[in-house]
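File shown here: run24.txt, holding compact mmCIF, C-alpha atoms and all ligand atoms.
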# COMPACT_ATOMS: atom_id res chain seq x y z
CA MET Z 214 -13.49 31.68 -33.88
CA LYS Z 215 -10.59 30.62 -36.09
CA LYS Z 216 -11.77 28.18 -38.74
CA SER Z 217 -9.97 24.86 -39.10
CA LEU Z 218 -6.50 25.44 -40.50
CA PHE Z 219 -5.16 23.34 -43.36
CA PRO Z 220 -1.66 23.30 -44.88
CA ASP Z 221 -1.27 24.21 -48.56
CA LYS Z 222 -1.74 21.58 -51.27
CA LYS Z 223 1.93 20.59 -51.51
CA ALA Z 224 2.42 20.18 -47.77
CA PHE Z 225 -0.89 18.32 -47.49
CA ALA Z 226 0.14 15.90 -50.25
CA GLU Z 227 3.40 15.19 -48.43
CA LEU Z 228 1.54 14.55 -45.18
CA GLN Z 229 -0.90 12.28 -47.00
CA GLU Z 230 1.94 10.28 -48.52
CA ALA Z 231 3.64 9.89 -45.14
CA ALA Z 232 0.36 8.83 -43.50
CA GLU Z 233 -0.28 6.13 -46.09
CA SER Z 234 3.26 4.82 -45.83
CA ILE Z 235 3.24 4.74 -42.02
CA ALA Z 236 -0.22 3.14 -41.82
CA SER Z 237 0.74 0.43 -44.31
CA ARG Z 238 3.78 -0.60 -42.22
CA LYS Z 239 2.27 -0.35 -38.74
CA PHE Z 240 2.41 -4.09 -38.00
CA ASN Z 241 6.05 -4.38 -39.08
CA GLN Z 242 7.47 -2.58 -36.05
CA MET Z 243 8.18 -5.73 -34.10
CA GLY Z 244 11.39 -4.75 -32.34
CA TYR Z 245 9.62 -2.11 -30.25
CA PRO Z 246 7.02 -2.53 -27.51
CA PHE Z 247 4.30 -0.34 -28.94
CA ASP Z 248 0.61 -1.12 -29.32
CA GLN Z 249 0.08 -0.60 -33.06
CA ASP Z 250 -3.69 -1.01 -32.78
CA THR Z 251 -4.61 1.58 -30.16
CA GLY Z 252 -8.21 2.20 -31.26
CA PHE Z 253 -7.97 5.93 -30.49
CA SER Z 254 -9.94 7.15 -33.52
CA GLY Z 255 -13.04 7.51 -31.31
CA PHE Z 256 -11.06 9.65 -28.89
CA TYR Z 257 -9.74 11.91 -31.65
CA ARG Z 258 -13.26 12.30 -33.11
CA TRP Z 259 -14.47 13.30 -29.66
CA LEU Z 260 -11.63 15.81 -29.36
CA ALA Z 261 -12.65 17.35 -32.69
CA ASP Z 262 -16.40 17.29 -31.92
CA THR Z 263 -16.00 18.97 -28.53
CA GLY Z 264 -13.54 21.56 -29.84
CA LEU Z 265 -10.95 20.43 -27.27
CA CYS Z 266 -8.52 19.80 -30.10
CA ASP Z 267 -8.35 23.58 -30.67
CA ILE Z 268 -7.44 24.32 -27.06
CA THR Z 269 -4.08 24.14 -25.28
CA LEU Z 270 -4.29 21.92 -22.22
CA ILE Z 271 -1.36 21.80 -19.84
CA ASN Z 272 -1.19 20.23 -16.39
CA VAL Z 273 1.45 21.70 -14.07
CA GLY Z 274 3.14 20.57 -10.87
CA ASP Z 275 1.25 18.36 -8.45
CA PRO Z 276 -1.87 16.78 -10.03
CA TYR Z 277 -3.36 16.43 -6.51
CA LYS Z 278 -3.23 20.20 -5.87
CA LYS Z 279 -6.35 22.12 -4.90
CA ASN Z 280 -7.55 25.62 -5.84
CA TRP Z 281 -6.03 25.79 -9.29
CA ASP Z 282 -7.81 27.99 -11.82
CA MET Z 283 -5.85 27.40 -15.04
CA LEU Z 284 -7.60 25.01 -17.46
CA ASN Z 285 -6.42 21.51 -16.63
CA THR Z 286 -7.24 17.81 -16.64
CA ASP Z 287 -5.77 17.07 -13.18
CA LYS Z 288 -8.87 15.11 -12.20
CA PHE Z 289 -8.35 12.63 -15.04
CA GLU Z 290 -4.60 12.48 -14.35
CA ARG Z 291 -5.35 11.58 -10.73
CA PHE Z 292 -7.74 8.84 -11.87
CA CYS Z 293 -4.99 7.25 -14.03
CA ILE Z 294 -2.41 7.42 -11.25
CA ASP Z 295 -4.82 6.04 -8.65
CA PHE Z 296 -5.90 3.25 -11.03
CA MET Z 297 -2.31 2.10 -11.57
CA ALA Z 298 -1.32 2.65 -7.91
CA ASP Z 299 -4.24 0.50 -6.85
CA ALA Z 300 -3.21 -2.24 -9.31
CA CYS Z 301 0.36 -2.04 -7.91
CA GLY Z 302 -0.90 -2.53 -4.32
CA PHE Z 303 -0.21 0.94 -2.89
CA GLU Z 304 -3.53 0.88 -0.98
CA GLY Z 305 -3.99 4.64 -1.15
CA ASN Z 306 -0.58 5.37 0.35
CA HIS Z 307 0.75 6.92 -2.84
CA TRP Z 308 1.44 10.04 -4.83
CA GLY Z 309 2.19 10.22 -8.54
CA VAL Z 310 2.30 12.14 -11.75
CA LEU Z 311 1.93 11.40 -15.46
CA SER Z 312 5.48 11.65 -16.69
CA ASN Z 313 6.82 12.42 -20.14
CA GLY Z 314 7.93 8.79 -20.61
CA GLY Z 315 10.00 6.00 -19.09
CA THR Z 316 13.15 8.09 -18.76
CA ASP Z 317 11.26 10.92 -17.07
CA GLY Z 318 9.74 8.40 -14.64
CA ASN Z 319 13.21 7.07 -13.83
CA MET Z 320 14.44 10.67 -13.48
CA HIS Z 321 11.82 11.22 -10.78
CA GLY Z 322 12.64 7.84 -9.17
CA ILE Z 323 16.30 8.70 -8.82
CA TYR Z 324 15.63 12.28 -7.73
CA PHE Z 325 13.00 11.26 -5.17
CA GLY Z 326 15.26 8.40 -4.05
CA ARG Z 327 18.10 10.83 -3.39
CA LYS Z 328 15.82 13.06 -1.35
CA ALA Z 329 14.39 10.14 0.66
CA LEU Z 330 17.88 8.80 1.39
CA ALA Z 331 19.15 12.27 2.33
CA ALA Z 332 16.44 12.37 5.02
CA LYS Z 333 18.00 9.24 6.55
CA SER Z 334 21.74 9.80 6.10
CA PRO Z 335 23.98 12.80 5.39
CA LEU Z 336 26.31 10.67 3.23
CA PRO Z 337 25.94 10.73 -0.58
CA PRO Z 338 24.11 7.69 -1.97
CA ILE Z 339 25.38 5.15 -4.47
CA LEU Z 340 23.15 4.13 -7.37
CA TYR Z 341 23.23 0.39 -8.14
CA VAL Z 342 21.93 -0.75 -11.50
CA SER Z 343 22.35 -3.87 -13.60
CA GLU Z 344 24.38 -3.79 -16.79
CA GLU Z 345 21.27 -5.01 -18.63
CA ALA Z 346 18.97 -2.29 -17.29
CA HIS Z 347 17.85 0.48 -19.66
CA TYR Z 348 20.62 2.95 -20.42
CA SER Z 349 18.51 5.84 -19.12
CA VAL Z 350 19.15 4.81 -15.50
CA LYS Z 351 22.92 4.98 -15.96
CA LYS Z 352 22.67 8.26 -17.82
CA LEU Z 353 20.45 9.72 -15.10
CA GLY Z 354 23.03 8.73 -12.46
CA ASP Z 355 25.47 10.84 -14.44
CA ILE Z 356 23.02 13.74 -14.90
CA GLN Z 357 22.16 13.76 -11.18
CA ASN Z 358 25.84 13.37 -10.29
CA ILE Z 359 25.38 10.19 -8.24
CA GLU Z 360 28.15 7.66 -7.96
CA THR Z 361 26.88 4.72 -10.00
CA ARG Z 362 27.96 1.10 -9.68
CA ILE Z 363 27.10 -1.17 -12.57
CA VAL Z 364 26.15 -4.63 -11.34
CA GLY Z 365 26.71 -7.72 -13.51
CA ALA Z 366 23.79 -9.66 -14.97
CA LYS Z 367 23.08 -13.37 -15.33
CA GLU Z 368 23.05 -14.92 -18.79
CA MET Z 369 19.30 -14.52 -19.25
CA GLY Z 370 19.55 -10.84 -18.27
CA SER Z 371 18.46 -10.45 -14.64
CA ILE Z 372 20.67 -8.77 -12.06
CA ASP Z 373 23.39 -10.92 -10.47
CA ALA Z 374 22.55 -10.41 -6.79
CA GLU Z 375 25.86 -11.92 -5.70
CA ASP Z 376 27.66 -9.21 -7.64
CA LEU Z 377 25.34 -6.65 -6.06
CA GLU Z 378 26.28 -8.00 -2.63
CA ARG Z 379 29.98 -7.65 -3.48
CA LYS Z 380 29.51 -4.10 -4.73
CA LEU Z 381 27.19 -2.79 -1.99
CA ASP Z 382 28.93 -0.30 0.30
CA PRO Z 383 27.28 -0.62 3.76
CA SER Z 384 28.57 2.78 4.87
CA ARG Z 385 26.66 4.69 2.17
CA PRO Z 386 22.93 4.90 1.36
CA ALA Z 387 21.92 2.57 -1.47
CA LEU Z 388 19.63 3.64 -4.31
CA VAL Z 389 18.79 0.41 -6.09
CA ALA Z 390 17.24 0.61 -9.58
CA VAL Z 391 15.39 -2.63 -10.23
CA ALA Z 392 14.66 -3.62 -13.84
CA VAL Z 393 11.22 -5.18 -14.03
CA GLY Z 394 11.61 -6.16 -17.61
CA GLY Z 395 15.05 -5.52 -19.06
CA THR Z 396 14.85 -3.77 -22.41
CA PHE Z 397 16.49 -6.40 -24.58
CA LYS Z 398 15.95 -9.81 -22.97
CA GLY Z 399 12.89 -8.94 -20.91
CA ALA Z 400 14.42 -10.30 -17.70
CA ILE Z 401 12.99 -9.37 -14.31
CA ASP Z 402 15.45 -8.51 -11.53
CA SER Z 403 14.50 -10.52 -8.45
CA LEU Z 404 13.59 -8.19 -5.57
CA ALA Z 405 13.81 -11.20 -3.24
CA GLU Z 406 17.44 -11.80 -4.25
CA ILE Z 407 18.21 -8.07 -4.08
CA ASP Z 408 16.73 -7.95 -0.57
CA LEU Z 409 18.95 -10.85 0.51
CA ALA Z 410 22.02 -8.95 -0.71
CA ILE Z 411 20.80 -5.87 1.16
CA GLU Z 412 20.14 -7.86 4.35
CA SER Z 413 23.60 -9.35 4.17
CA ARG Z 414 25.42 -5.99 3.69
CA LYS Z 415 23.00 -3.75 5.64
CA PRO Z 416 23.61 -0.36 3.99
CA VAL Z 417 22.76 2.63 6.22
CA ALA Z 418 19.65 3.39 4.17
CA VAL Z 419 17.98 1.83 1.11
CA TYR Z 420 15.61 3.08 -1.61
CA ARG Z 421 14.18 0.75 -4.24
CA HIS Z 422 12.98 2.21 -7.55
CA LEU Z 423 11.36 -0.13 -10.09
CA ASP Z 424 11.87 0.60 -13.77
CA ALA Z 425 8.82 -1.24 -15.08
CA ALA Z 426 8.48 0.61 -18.37
CA LEU Z 427 6.82 -2.19 -20.33
CA PHE Z 428 6.00 -4.91 -17.78
CA GLY Z 429 4.38 -2.44 -15.36
CA GLY Z 430 1.54 -2.14 -17.89
CA TYR Z 431 0.58 -5.80 -17.62
CA LEU Z 432 2.04 -7.73 -14.64
CA PRO Z 433 -0.27 -6.03 -12.09
CA PHE Z 434 -3.34 -7.24 -14.02
CA MET Z 435 -2.40 -10.90 -14.30
CA ASP Z 436 -4.24 -13.64 -12.39
CA ASP Z 437 -1.14 -15.74 -11.79
CA PRO Z 438 -0.04 -14.78 -8.24
CA ALA Z 439 3.63 -15.37 -9.20
CA ALA Z 440 3.30 -12.69 -11.91
CA LYS Z 441 1.12 -10.27 -9.96
CA SER Z 442 3.31 -10.33 -6.85
CA ILE Z 443 6.32 -9.02 -8.82
CA ILE Z 444 4.83 -5.52 -8.62
CA ASP Z 445 2.71 -5.54 -5.49
CA ALA Z 446 3.53 -3.05 -2.76
CA LYS Z 447 0.98 -4.80 -0.52
CA GLY Z 448 1.34 -8.56 -1.08
CA GLY Z 449 4.78 -8.68 -2.71
CA ARG Z 450 8.14 -7.18 -1.76
CA ALA Z 451 8.35 -3.57 -0.67
CA PHE Z 452 9.52 -0.83 -3.03
CA ASP Z 453 9.46 2.96 -2.87
CA SER Z 454 8.69 4.11 -6.40
CA ILE Z 455 7.90 2.83 -9.86
CA ALA Z 456 8.08 4.19 -13.41
CA ILE Z 457 5.71 2.74 -16.03
CA SER Z 458 5.59 3.82 -19.66
CA GLY Z 459 2.29 5.05 -21.05
CA HIS Z 460 3.23 4.40 -24.66
CA LYS Z 461 4.19 0.78 -24.19
CA PHE Z 462 1.68 -1.70 -22.78
CA LEU Z 463 -0.71 1.03 -21.64
CA GLY Z 464 -1.29 1.79 -25.28
CA LEU Z 465 -0.77 5.56 -25.60
CA ASN Z 466 0.32 6.56 -29.08
CA GLU Z 467 2.91 9.14 -28.02
CA PRO Z 468 5.50 9.38 -25.24
CA ALA Z 469 4.08 9.47 -21.72
CA GLY Z 470 4.40 7.51 -18.51
CA ILE Z 471 3.34 7.17 -14.91
CA PHE Z 472 5.54 7.76 -11.90
CA ILE Z 473 4.21 6.57 -8.54
CA CYS Z 474 5.85 6.68 -5.11
CA SER Z 475 4.84 6.17 -1.49
CA LYS Z 476 3.56 9.16 0.48
CA ASP Z 477 6.58 8.81 2.81
CA THR Z 478 8.83 9.34 -0.20
CA LEU Z 479 6.90 12.42 -1.32
CA SER Z 480 7.20 13.95 2.13
CA CYS Z 481 10.99 14.06 1.67
CA VAL Z 482 10.70 16.00 -1.59
CA HIS Z 483 8.36 18.80 -0.49
CA GLU Z 484 10.69 21.71 -0.18
CA ASN Z 485 10.05 23.64 -3.35
CA PRO Z 486 7.33 26.26 -2.82
CA VAL Z 487 6.56 28.24 -5.97
CA ALA Z 488 4.35 31.21 -5.17
CA TYR Z 489 2.99 31.87 -8.65
CA LEU Z 490 2.06 28.20 -9.01
CA ASN Z 491 0.12 28.41 -5.79
CA GLY Z 492 2.00 25.80 -3.84
CA VAL Z 493 4.64 23.17 -3.53
CA ILE Z 494 5.94 21.59 -6.75
CA PRO Z 495 7.50 18.15 -6.35
CA THR Z 496 7.72 17.43 -10.09
CA ILE Z 497 10.87 18.10 -12.11
CA SER Z 498 9.30 19.49 -15.28
CA CYS Z 499 6.62 22.11 -14.77
CA SER Z 500 4.32 21.51 -17.75
CA ARG Z 501 3.00 18.28 -19.19
CA SER Z 502 0.28 17.34 -21.63
CA GLY Z 503 -3.26 17.64 -20.34
CA PHE Z 504 -4.32 15.54 -23.34
CA ASP Z 505 -2.28 12.53 -22.16
CA ALA Z 506 -4.42 12.40 -19.05
CA LEU Z 507 -7.63 12.50 -21.11
CA LYS Z 508 -6.35 9.86 -23.51
CA LEU Z 509 -5.16 7.50 -20.80
CA TYR Z 510 -8.41 8.02 -18.85
CA TRP Z 511 -10.35 7.15 -22.01
CA HIS Z 512 -8.23 4.04 -22.58
CA LEU Z 513 -8.35 2.79 -18.98
CA SER Z 514 -12.10 3.41 -18.84
CA VAL Z 515 -12.60 1.39 -22.03
CA LEU Z 516 -10.40 -1.50 -20.93
CA GLY Z 517 -10.65 -1.58 -17.14
CA ARG Z 518 -8.57 -4.11 -15.23
CA ASN Z 519 -10.22 -6.99 -17.02
CA GLY Z 520 -9.39 -5.63 -20.48
CA LEU Z 521 -5.75 -5.17 -19.51
CA LYS Z 522 -5.69 -8.69 -18.10
CA LYS Z 523 -6.99 -10.06 -21.39
CA GLN Z 524 -4.43 -8.06 -23.36
CA ALA Z 525 -1.66 -9.38 -21.06
CA GLU Z 526 -2.79 -12.98 -21.54
CA HIS Z 527 -2.97 -12.47 -25.30
CA SER Z 528 0.51 -10.90 -25.56
CA LEU Z 529 2.14 -13.63 -23.48
CA LYS Z 530 0.33 -16.31 -25.46
CA MET Z 531 1.58 -14.73 -28.68
CA ALA Z 532 5.14 -14.54 -27.31
CA ARG Z 533 5.04 -18.26 -26.45
CA TYR Z 534 3.60 -19.00 -29.89
CA LEU Z 535 6.28 -16.97 -31.67
CA GLN Z 536 9.07 -18.64 -29.70
CA ALA Z 537 7.68 -22.09 -30.56
CA LYS Z 538 7.31 -21.16 -34.25
CA LEU Z 539 10.88 -19.86 -34.44
CA LYS Z 540 12.20 -23.05 -32.83
CA GLU Z 541 10.11 -25.14 -35.18
CA LYS Z 542 11.81 -23.36 -38.08
CA GLY Z 543 15.26 -24.04 -36.64
CA VAL Z 544 15.88 -20.54 -35.20
CA ARG Z 545 17.27 -20.64 -31.65
CA ALA Z 546 14.95 -18.47 -29.52
CA TRP Z 547 14.69 -17.60 -25.81
CA ARG Z 548 12.20 -15.93 -23.50
CA ASN Z 549 12.17 -15.08 -19.81
CA ASP Z 550 9.27 -15.95 -17.48
CA PHE Z 551 6.32 -13.54 -17.77
CA SER Z 552 8.03 -11.77 -20.65
CA ASN Z 553 6.43 -10.86 -23.98
CA THR Z 554 9.91 -10.30 -25.46
CA VAL Z 555 11.36 -13.15 -27.53
CA PHE Z 556 15.05 -12.96 -28.42
CA PHE Z 557 16.66 -15.11 -31.09
CA GLU Z 558 19.57 -15.50 -33.50
CA ARG Z 559 19.85 -12.32 -35.51
CA PRO Z 560 18.40 -12.78 -38.99
CA GLY Z 561 19.86 -11.09 -42.10
CA ASP Z 562 19.77 -7.33 -42.64
CA GLU Z 563 16.79 -7.53 -44.96
CA VAL Z 564 14.59 -9.12 -42.26
CA VAL Z 565 15.99 -6.77 -39.59
CA SER Z 566 15.04 -3.79 -41.71
CA LYS Z 567 11.66 -5.16 -42.89
CA TYR Z 568 10.45 -5.62 -39.29
CA ALA Z 569 12.42 -2.78 -37.61
CA LEU Z 570 14.07 -5.32 -35.29
CA ALA Z 571 16.21 -4.23 -32.36
CA CYS Z 572 19.58 -6.04 -32.37
CA ASN Z 573 22.31 -6.68 -29.84
CA GLU Z 574 25.33 -8.90 -29.26
CA TYR Z 575 26.32 -10.94 -26.18
CA PRO Z 576 29.35 -13.16 -25.52
CA VAL Z 577 27.19 -16.17 -24.66
CA PHE Z 578 24.51 -15.84 -27.33
CA GLY Z 579 26.34 -14.05 -30.15
CA LYS Z 580 24.34 -11.76 -32.41
CA LEU Z 581 20.70 -11.44 -31.40
CA ALA Z 582 17.51 -9.68 -32.37
CA HIS Z 583 14.29 -9.43 -30.43
CA VAL Z 584 10.58 -9.09 -31.04
CA VAL Z 585 8.07 -7.78 -28.52
CA ALA Z 586 4.67 -9.47 -28.85
CA MET Z 587 2.21 -6.66 -28.25
CA GLN Z 588 -1.58 -6.44 -28.34
CA TYR Z 589 -1.81 -6.38 -32.15
CA PHE Z 590 -0.01 -9.70 -32.54
CA THR Z 591 -1.84 -12.59 -34.23
CA GLU Z 592 -0.76 -16.12 -35.12
CA GLU Z 593 -0.67 -15.00 -38.79
CA ILE Z 594 1.76 -12.19 -37.98
CA ALA Z 595 3.95 -14.57 -35.96
CA ASP Z 596 3.84 -17.26 -38.70
CA ALA Z 597 4.88 -14.79 -41.40
CA PHE Z 598 7.66 -13.42 -39.25
CA ALA Z 599 9.03 -16.86 -38.28
CA ALA Z 600 9.09 -17.91 -41.94
CA ASP Z 601 11.09 -14.78 -42.85
CA ALA Z 602 13.44 -15.11 -39.86
CA ALA Z 603 14.17 -18.74 -40.77
CA ARG Z 604 15.37 -17.70 -44.24
CA ARG Z 605 18.08 -15.56 -42.56
C1 LIG C 1 13.09 -0.79 -19.28
C2 LIG C 1 13.02 0.57 -19.91
N1 LIG C 1 13.14 1.66 -19.14
C3 LIG C 1 13.09 2.90 -19.66
C4 LIG C 1 12.90 3.11 -21.01
C5 LIG C 1 12.88 4.51 -21.54
O1 LIG C 1 11.61 4.92 -21.87
P1 LIG C 1 11.35 6.22 -22.78
O2 LIG C 1 11.77 5.86 -24.17
O3 LIG C 1 9.88 6.43 -22.64
O4 LIG C 1 12.13 7.34 -22.23
C6 LIG C 1 12.74 2.00 -21.85
C7 LIG C 1 12.55 2.19 -23.29
O5 LIG C 1 12.56 1.30 -24.09
C8 LIG C 1 12.82 0.70 -21.30
O6 LIG C 1 12.71 -0.40 -22.05
Starting from the coordinates I provided, produce the structure as structure tokens.
Amino acid sequence: MKKSLFPDKKAFAELQEAAESIASRKFNQMGYPFDQDTGFSGFYRWLADTGLCDITLINVGDPYKKNWDMLNTDKFERFCIDFMADACGFEGNHWGVLSNGGTDGNMHGIYFGRKALAAKSPLPPILYVSEEAHYSVKKLGDIQNIETRIVGAKEMGSIDAEDLERKLDPSRPALVAVAVGGTFKGAIDSLAEIDLAIESRKPVAVYRHLDAALFGGYLPFMDDPAAKSIIDAKGGRAFDSIAISGHKFLGLNEPAGIFICSKDTLSCVHENPVAYLNGVIPTISCSRSGFDALKLYWHLSVLGRNGLKKQAEHSLKMARYLQAKLKEKGVRAWRNDFSNTVFFERPGDEVVSKYALACNEYPVFGKLAHVVAMQYFTEEIADAFAADAARR
């Protein structure tokens, strides 16, 4: 067996230096929705102890496939998908895959949506997406060559359903991308308002894909029925598919995600038999990390629903605390309901750079920056940040 490989002294010293620098700044990455306290050292020790870290592990195609001999972690991938599908109210009527990230999940949502709509109408669909939704949705409309209509947004960032109603073409199938947590202001598009626009215009066929990159990791675990029902295929409003990031609230430390759709949707996609892969391949990319499935399984097993609920409560509490602290210091700050994203007057460049803040500009608000209160947030972190932001 190959013994453990190490880079030469010079390369190792460079890696060491980078590691120390990154580790010392981990809690200063406030503009981005990453869990900077993932607690995965136990997992990595286990990978080393078992020797799995020296093995290549790739999952391909459908994680629910049977009779597959290549080394894989499909079983753990299925657990993660079923866990999240259950939390999102699919009641077993689902299929899914661990995606390569939020964009890949949206890629599947738009592709599967096209296929599902094509089963209902021969006319090409139109993709409707809010101007404040993540740019990936608009880009994917372009990549998949779908006519895309950008719908206006309200001041606080959610979709303007009246504009959607105006733009909906009843003669063509509608593929509606719903932002459950806009990237910058953390606004949730109202499915109830979207449904009213749809009922009023009655397009020939409709597919609803939720882009819940960040919020999909916590809303389903909250006790508050108003929060939980936002993503609830059983008790809330109907939707066809959802993309959730793995490396946002779900705590993975590298890009990954979960795509889930209804079984009806999957049945429209099954037309791609690949003989050497022993079956039908609904996924777009063939290979994905088998380690992601192990890591997410580890994480979900440690936390369970209750652990995620506690993390959600903590993050939202910290977001409320940060908003209050900023206001107390004279910084105008806003936050949407159920959002752990606080946006506020853009501080000076030094503060922006110190905390890796994401910035934007809007006609109504002017120059803004935002902070996403993640699991690692404490009152001390928020206090220090508010004091710096107030200096401007
Ligand atoms: C709402 C939303 N959707 C999609 C994405 C894209 O996710 P990824 O970077 O994993 O491709 C993001 C990333 O920030 C996002 O905020």
(request) Would you kindly return, as a VMD selection string, each protein, DNA or RNA residue with an atom no farther than 7 Å from any atom of region 329-339 of chain Z, considering only C-alpha atoms and excluding same-chain residues fewer than 4 positions away? (result) chain Z and resid 325 359 to 361 385 to 388 418 to 420 478 481
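The space between atom P1 of ligand LIG 1 (chain C) and CA of Cys572 (chain Z) spans 17.6 Å.
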Write out as a Markdown table the residues of chain Z that have any atom within 9 Å of an atom of ligand LIG 1 (chain C), one row each with the nearest atom pair and its distance in Å to one decimal, counting all atoms listed in the file, sorted by chain and then rising number.
| residue | atom | partner | partner_atom | distance |
| --- | --- | --- | --- | --- |
| Z:Tyr245 | CA | C:LIG1 | O5 | 7.6 |
| Z:Pro246 | CA | C:LIG1 | O5 | 7.6 |
| Z:Asn313 | CA | C:LIG1 | O3 | 7.2 |
| Z:Gly314 | CA | C:LIG1 | O3 | 3.7 |
| Z:Gly315 | CA | C:LIG1 | O1 | 3.4 |
| Z:Thr316 | CA | C:LIG1 | O4 | 3.7 |
| Z:Asp317 | CA | C:LIG1 | O4 | 6.3 |
| Z:Gly318 | CA | C:LIG1 | O4 | 8.0 |
| Z:Asn319 | CA | C:LIG1 | C3 | 7.2 |
| Z:Ala346 | CA | C:LIG1 | C1 | 6.4 |
| Z:His347 | CA | C:LIG1 | C2 | 4.8 |
| Z:Tyr348 | CA | C:LIG1 | C3 | 7.6 |
| Z:Ser349 | CA | C:LIG1 | C3 | 6.2 |
| Z:Val350 | CA | C:LIG1 | C3 | 7.6 |
| Z:Ala392 | CA | C:LIG1 | C1 | 6.3 |
| Z:Val393 | CA | C:LIG1 | C1 | 7.1 |
| Z:Gly394 | CA | C:LIG1 | C1 | 5.8 |
| Z:Gly395 | CA | C:LIG1 | C1 | 5.1 |
| Z:Thr396 | CA | C:LIG1 | O6 | 4.0 |
| Z:Phe397 | CA | C:LIG1 | O6 | 7.5 |
| Z:Gly399 | CA | C:LIG1 | C1 | 8.3 |
| Z:Asp424 | CA | C:LIG1 | N1 | 5.6 |
| Z:Ala425 | CA | C:LIG1 | C1 | 6.0 |
| Z:Ala426 | CA | C:LIG1 | C2 | 4.8 |
| Z:Leu427 | CA | C:LIG1 | O6 | 6.4 |
| Z:Phe428 | CA | C:LIG1 | C1 | 8.3 |
| Z:Ala456 | CA | C:LIG1 | N1 | 8.1 |
| Z:Ile457 | CA | C:LIG1 | N1 | 8.1 |
| Z:Ser458 | CA | C:LIG1 | O3 | 5.8 |
| Z:Gly459 | CA | C:LIG1 | O3 | 7.9 |
| Z:His460 | CA | C:LIG1 | O3 | 7.2 |
| Z:Lys461 | CA | C:LIG1 | O3 | 8.2 |
| Z:Pro468 | CA | C:LIG1 | O3 | 5.9 |
| Z:Ala469 | CA | C:LIG1 | O3 | 6.6 |
| Z:Gly470 | CA | C:LIG1 | O3 | 6.9 |
(message) Considering all atoms listed in the file, can you say which of Z:Leu516, Z:Ala537, Z:Leu507, Z:Ala410 comes closest to Leu260 (chain Z)?
(response) Z:Leu507
(request) Enter the distance from CA of Pro576 (chain Z) to CA of Glu368 (chain Z), in Å, rounded to one decimal. (result) 9.4 Å
(message) What's around Gly322 (chain Z) at 7 Å? Count all atoms listed in the file, leave out sequence neighbours fewer than 4 positions away in its own chain, and write the answer as a PyMOL selection string.
(response) chain Z and resi 318+326+422+454-455
Take the selection from the previous step and output its residues with C-alpha atoms, as a CSV table (one decimal), in the coordinates of the input.
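Resulting contents of selection-v8.csv:
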chain,number,residue,atom,x,y,z
Z,318,GLY,CA,9.7,8.4,-14.6
Z,326,GLY,CA,15.3,8.4,-4.0
Z,422,HIS,CA,13.0,2.2,-7.6
Z,454,SER,CA,8.7,4.1,-6.4
Z,455,ILE,CA,7.9,2.8,-9.9
(message) Show me, as number ranges by chain, the residues that have an atom within 12 Å of Leu265 (chain Z) when counting all atoms listed in the file, minus same-chain residues fewer than 2 positions from it.
(response) Z: 256-263, 267-270, 284-286, 503-504, 507
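Considering the residues Z:Arg327, Z:Lys522, Z:Arg291, Z:Lys216 and counting only C-alpha atoms, Asp436 (chain Z) has its shortest atom-to-atom contact with Z:Lys522.
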(message) I need the residue nearest Pro416 (chain Z) from this list: Z:Asn466, Z:Ser403, Z:Ser384, Z:Ser371. Use all atoms listed in the file for the distance.
(response) Z:Ser384
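Using all atoms listed in the file for every distance, the candidate list Z:Ser217, Z:Ile494, Z:Asp295, Z:Arg421 yields Z:Ser217 as the residue closest to Cys266 (chain Z).
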(message) Quick one: residues within 9 Å of Asn549 (chain Z), all atoms listed in the file, excluding same-chain residues fewer than 6 positions away - as a PyMOL selection string?
(response) chain Z and resi 369-370+398-401+555
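Minimum atom-to-atom distances from Z:Ser480, Z:His307, Z:Ala231, Z:Lys352 to Val493 (chain Z) were compared using all atoms listed in the file, and the lowest value belongs to Z:Ser480.
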(message) The residues within 12 Å of (1.5, -9.9, -13.3), using only C-alpha atoms and the coordinates of the file, should be reported as number ranges by chain; which are they?
(response) Z: 300-302, 393-394, 401, 425, 427-445, 449, 518, 521-526, 529, 550-553
(request) Would you mind listing what lies within 7 Å of Ser502 (chain Z) as a PyMOL selection string, with only C-alpha atoms counted and same-chain residues fewer than 3 positions away left out? (result) chain Z and resi 270-272+505
(request) Counting only C-alpha atoms, select every polymer residue within 12 Å of (2.3, 18.2, -2.5) as defined in the file's coordinates, and provide the selection as a PyMOL selection string. (result) chain Z and resi 274-279+307-310+476-487+490-496
(request) Just give me the gap between CA of Ile356 (chain Z) and CA of Leu377 (chain Z) in Å, one decimal is fine. (result) 22.3 Å
Export N, CA and C atoms of region 517-521 of chain Z from the structure just given, as a compact mmCIF listing (two decimals), in the first residue's frame?
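Dumped everything to part-v4.txt:
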# COMPACT_ATOMS: atom_id res chain seq x y z
N GLY Z 517 -29.70 15.84 13.73
CA GLY Z 517 -31.12 15.48 13.66
C GLY Z 517 -31.97 16.72 13.45
N ARG Z 518 -33.26 16.51 13.37
CA ARG Z 518 -34.17 17.66 13.16
C ARG Z 518 -34.07 18.68 14.29
N ASN Z 519 -33.94 18.14 15.51
CA ASN Z 519 -33.92 19.02 16.66
C ASN Z 519 -32.69 19.93 16.66
N GLY Z 520 -31.55 19.36 16.29
CA GLY Z 520 -30.31 20.16 16.23
C GLY Z 520 -30.43 21.26 15.19
N LEU Z 521 -31.02 20.93 14.04
CA LEU Z 521 -31.19 21.96 13.00
C LEU Z 521 -32.16 23.04 13.47
